[in-house]
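Asks: Encoded as structure tokens, here's the structure I'll be asking about.
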Amino acid sequence: MTEKSCGTVLYTVKDGVVLYLLIQSADGGVCGFPKGHMEQGETEEETALRETWEETSVKAELIGDFRKEIAYRLKNGNSKTVVFFLGTFSDQKPRHNEGFETLNYLLLPYAEACRKLTFHNTRRVLKSADRFLRAKQA
């Protein structure tokens, strides 16, 4: 069986510095990007934006045609595919949405964000997103 989720590599710019928004489980464990399962009839982009809002209270805007896919096997043996888009936000403070999971929010520059991410495959996604963003700004 294959599961599919979509999410967003989110960034904002403060004082000229690009900061990436990471979410971390409330117990301080897994650190990654907002993502979640697709619902019936949703596009990948719709899922990414909905999950981003549910997990962070941020209304993101997707940037360009950045799309990265990772795949891995879950502990239960199922395959999982996650599609990430690049999104931006400004003048919004990430916070808990009532009725959704409680998370910690980290706004970090690229190098710190890379170190904080739990999984190698999400570090690769961040590296690609940062490269994409820098090329777009050049």
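Identifiers for the structure tokens are assigned positionally: chains receive A, B, ... in sequence, residues are indexed from 1 per chain, and ligands are indexed from 1 in the order shown.
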Which residues, written as number ranges by chain, have at least one atom at most 8 Å from A:Leu117, with only C-alpha atoms counted and residues fewer than 2 positions away on the same chain left out?

Replies: A: 22, 30-32, 113-115, 119-120, 122-123

Asks: Can you write just those residues out, N, CA and C atoms, as a PDB file, in the first residue's frame?

Replies:
```
ATOM      1  N   LEU A  22      10.362  25.655  10.345  1.00  0.00           N
ATOM      2  CA  LEU A  22      10.335  24.222  10.613  1.00  0.00           C
ATOM      3  C   LEU A  22       9.324  23.975  11.724  1.00  0.00           C
ATOM      4  N   VAL A  30      10.918  14.841  16.393  1.00  0.00           N
ATOM      5  CA  VAL A  30      11.053  14.991  14.944  1.00  0.00           C
ATOM      6  C   VAL A  30      10.848  16.440  14.516  1.00  0.00           C
ATOM      7  N   CYS A  31      11.759  16.908  13.662  1.00  0.00           N
ATOM      8  CA  CYS A  31      11.714  18.267  13.139  1.00  0.00           C
ATOM      9  C   CYS A  31      11.684  18.193  11.617  1.00  0.00           C
ATOM     10  N   GLY A  32      10.702  18.862  11.006  1.00  0.00           N
ATOM     11  CA  GLY A  32      10.573  18.814   9.558  1.00  0.00           C
ATOM     12  C   GLY A  32       9.755  19.975   9.041  1.00  0.00           C
ATOM     13  N   ALA A 113      18.752  25.592   9.903  1.00  0.00           N
ATOM     14  CA  ALA A 113      17.606  24.747   9.545  1.00  0.00           C
ATOM     15  C   ALA A 113      18.091  23.371   9.090  1.00  0.00           C
ATOM     16  N   CYS A 114      19.146  23.350   8.279  1.00  0.00           N
ATOM     17  CA  CYS A 114      19.706  22.061   7.826  1.00  0.00           C
ATOM     18  C   CYS A 114      20.128  21.195   9.000  1.00  0.00           C
ATOM     19  N   ARG A 115      20.782  21.804   9.958  1.00  0.00           N
ATOM     20  CA  ARG A 115      21.249  21.040  11.129  1.00  0.00           C
ATOM     21  C   ARG A 115      20.089  20.540  11.974  1.00  0.00           C
ATOM     22  N   PHE A 119      15.620  14.317   9.330  1.00  0.00           N
ATOM     23  CA  PHE A 119      15.891  13.312   8.297  1.00  0.00           C
ATOM     24  C   PHE A 119      16.711  13.865   7.137  1.00  0.00           C
ATOM     25  N   HIS A 120      17.588  13.009   6.639  1.00  0.00           N
ATOM     26  CA  HIS A 120      18.470  13.372   5.525  1.00  0.00           C
ATOM     27  C   HIS A 120      17.668  13.774   4.278  1.00  0.00           C
ATOM     28  N   THR A 122      14.783  15.219   4.031  1.00  0.00           N
ATOM     29  CA  THR A 122      14.228  16.572   4.130  1.00  0.00           C
ATOM     30  C   THR A 122      15.339  17.616   4.063  1.00  0.00           C
ATOM     31  N   ARG A 123      16.541  17.275   4.500  1.00  0.00           N
ATOM     32  CA  ARG A 123      17.678  18.194   4.312  1.00  0.00           C
ATOM     33  C   ARG A 123      17.968  18.389   2.827  1.00  0.00           C
TER      34      ARG A 123
END
```

Asks: Please extract the residues of chain A with a backbone DSSP assignment of strand (DSSP E) and present them as a count of residues only.

Replies: 56

Asks: So that I can see what lies close to A:Leu86, please list as a list in words the residues with an atom at most 8 Å from it, counting only C-alpha atoms and leaving out residues fewer than 5 positions away in the same chain.

Replies: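 Close residues of A:Leu86: Thr8, Val9, Leu10, Tyr11, Leu62, Ile63, Gly64, Phe66, Arg67 and Ala129 of chain A.
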
Asks: Find the spatial neighbours of A:Glu3, counting only C-alpha atoms, within a cut-off of 12 Å - ignore same-chain residues fewer than 4 positions away - and output them as a list of chain:residue names.

Replies: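 That gives A:Gly36, A:His37, A:Met38, A:Glu39, A:Ile70, A:Ala71, A:Tyr72, A:Arg73, A:Leu74, A:Asn76, A:Gly77, A:Asn78, A:Ser79, A:Lys80, A:Thr81, A:Val82, A:Val83.
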
Asks: Take the residues from that selection and write them out as a CSV table (one decimal), in the first residue's frame, keeping N, CA and C atoms.

Replies:
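out.csv was written with the following content:
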```
chain,number,residue,atom,x,y,z
A,36,GLY,N,1.0,16.7,5.2
A,36,GLY,CA,-0.1,15.8,5.6
A,36,GLY,C,-0.7,15.1,4.4
A,37,HIS,N,-1.6,14.2,4.8
A,37,HIS,CA,-2.3,13.4,3.8
A,37,HIS,C,-3.2,14.1,2.9
A,38,MET,N,-3.3,13.7,1.6
A,38,MET,CA,-4.2,14.3,0.6
A,38,MET,C,-5.6,13.8,1.0
A,39,GLU,N,-6.6,14.7,0.8
A,39,GLU,CA,-8.0,14.4,1.0
A,39,GLU,C,-8.6,14.2,-0.4
A,70,ILE,N,9.9,13.0,-2.3
A,70,ILE,CA,10.7,12.0,-1.6
A,70,ILE,C,9.8,10.7,-1.3
A,71,ALA,N,10.5,9.6,-1.2
A,71,ALA,CA,9.7,8.4,-1.0
A,71,ALA,C,10.5,7.5,0.1
A,72,TYR,N,9.8,6.9,0.9
A,72,TYR,CA,10.4,6.0,1.9
A,72,TYR,C,9.4,5.0,2.4
A,73,ARG,N,9.9,4.0,3.1
A,73,ARG,CA,9.0,3.0,3.7
A,73,ARG,C,8.8,3.3,5.1
A,74,LEU,N,7.5,3.1,5.5
A,74,LEU,CA,7.0,3.3,6.9
A,74,LEU,C,7.3,2.1,7.7
A,76,ASN,N,5.3,0.3,9.3
A,76,ASN,CA,4.3,-0.7,9.0
A,76,ASN,C,4.5,-1.4,7.7
A,77,GLY,N,5.5,-1.0,6.9
A,77,GLY,CA,5.8,-1.7,5.6
A,77,GLY,C,5.2,-1.0,4.4
A,78,ASN,N,4.3,0.0,4.7
A,78,ASN,CA,3.7,0.7,3.5
A,78,ASN,C,4.8,1.7,3.0
A,79,SER,N,4.6,2.0,1.7
A,79,SER,CA,5.4,3.0,1.0
A,79,SER,C,4.8,4.3,1.2
A,80,LYS,N,5.6,5.4,1.3
A,80,LYS,CA,5.0,6.7,1.5
A,80,LYS,C,5.8,7.7,0.5
A,81,THR,N,5.0,8.5,-0.2
A,81,THR,CA,5.5,9.5,-1.0
A,81,THR,C,5.1,10.9,-0.5
A,82,VAL,N,6.0,11.8,-0.4
A,82,VAL,CA,5.7,13.1,0.1
A,82,VAL,C,6.2,14.1,-1.0
A,83,VAL,N,5.3,15.0,-1.4
A,83,VAL,CA,5.6,16.0,-2.4
A,83,VAL,C,5.7,17.4,-1.6
```

Asks: A:Glu98: which residues within 12 Å, counting only C-alpha atoms, same-chain residues fewer than 5 positions away excluded, as a list in words?

Replies: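 The residues satisfying every condition are Trp53, Glu54, Glu55, Thr56, Ser57 and Leu103 of chain A.
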
Asks: Neighbouring residues of A:Lys35 were defined as those with any atom within 9 Å, considering only C-alpha atoms; residues of the same chain fewer than 5 positions away were excluded. Please report them as a ChimeraX atom specification.

Replies: /A:5-8,47-52,55,82-84

Asks: Let's see if you can do this: from backbone DSSP, list all alpha helix (DSSP H) residues in chain A, as a compact mmCIF listing (two decimals) with C-alpha atoms, in the first residue's frame.

Replies:
```
# COMPACT_ATOMS: atom_id res chain seq x y z
CA GLU A 44 -1.17 18.32 -4.42
CA GLU A 45 -0.93 22.11 -4.09
CA GLU A 46 -4.27 22.36 -2.27
CA THR A 47 -3.16 19.68 0.18
CA ALA A 48 0.16 21.43 0.82
CA LEU A 49 -1.54 24.77 1.50
CA ARG A 50 -4.27 23.24 3.71
CA GLU A 51 -1.80 21.22 5.77
CA THR A 52 0.47 24.24 6.12
CA TRP A 53 -2.40 26.30 7.50
CA GLU A 54 -3.63 23.50 9.79
CA GLU A 55 -0.17 22.97 11.30
CA THR A 56 1.09 26.58 11.43
CA TYR A 110 19.43 27.95 6.05
CA ALA A 111 22.49 26.43 7.79
CA GLU A 112 20.74 26.16 11.16
CA ALA A 113 17.61 24.75 9.54
CA CYS A 114 19.71 22.06 7.83
CA ARG A 115 21.25 21.04 11.13
CA LYS A 116 17.89 20.96 12.91
CA HIS A 120 18.47 13.37 5.52
CA ASN A 121 15.83 13.37 2.78
CA THR A 122 14.23 16.57 4.13
CA ARG A 123 17.68 18.19 4.31
CA ARG A 124 18.06 17.42 0.60
CA VAL A 125 14.67 19.04 -0.07
CA LEU A 126 15.72 22.15 1.87
CA LYS A 127 19.01 22.31 -0.04
CA SER A 128 17.12 22.17 -3.36
CA ALA A 129 14.60 24.78 -2.20
CA ASP A 130 17.32 27.16 -1.03
CA ARG A 131 19.22 26.76 -4.31
CA PHE A 132 15.97 27.37 -6.26
CA LEU A 133 15.18 30.47 -4.21
CA ARG A 134 18.69 31.95 -4.57
CA ALA A 135 18.63 31.39 -8.34
CA LYS A 136 15.23 33.09 -8.53
CA GLN A 137 16.50 36.10 -6.54
```

Asks: Residues at most 10 Å from A:Val13, counting only C-alpha atoms, excluding those fewer than 3 positions away in the same chain, as a list in words?

Replies: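 So, after excluding close chain neighbours, the residues are Gly16, Val17, Val18, Leu19, Tyr20, Thr88, Phe89, Ser90, Asp91 and Pro109 of chain A.
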
Asks: Here is a test: counting only C-alpha atoms, which residue of A:Leu108, A:Ser25, A:Asp65, A:Thr102 is nearest to A:Phe85?

Replies: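 Of all the options, A:Asp65 lies closest to A:Phe85.
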
Asks: With only C-alpha atoms as the basis for distance, which of A:Thr43, A:Thr12, A:Asn104, A:Gln24 is at the shortest distance from A:Gln92?

Replies: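 Closest residue, counting only C-alpha atoms: A:Thr12.
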
Asks: Measuring atom to atom with only C-alpha atoms, identify which of A:Arg95, A:Glu101, A:Leu107, A:Ala138 is nearest to A:Asp27.

Replies: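 Once distances to A:Asp27 are computed over only C-alpha atoms, the minimum belongs to A:Glu101.
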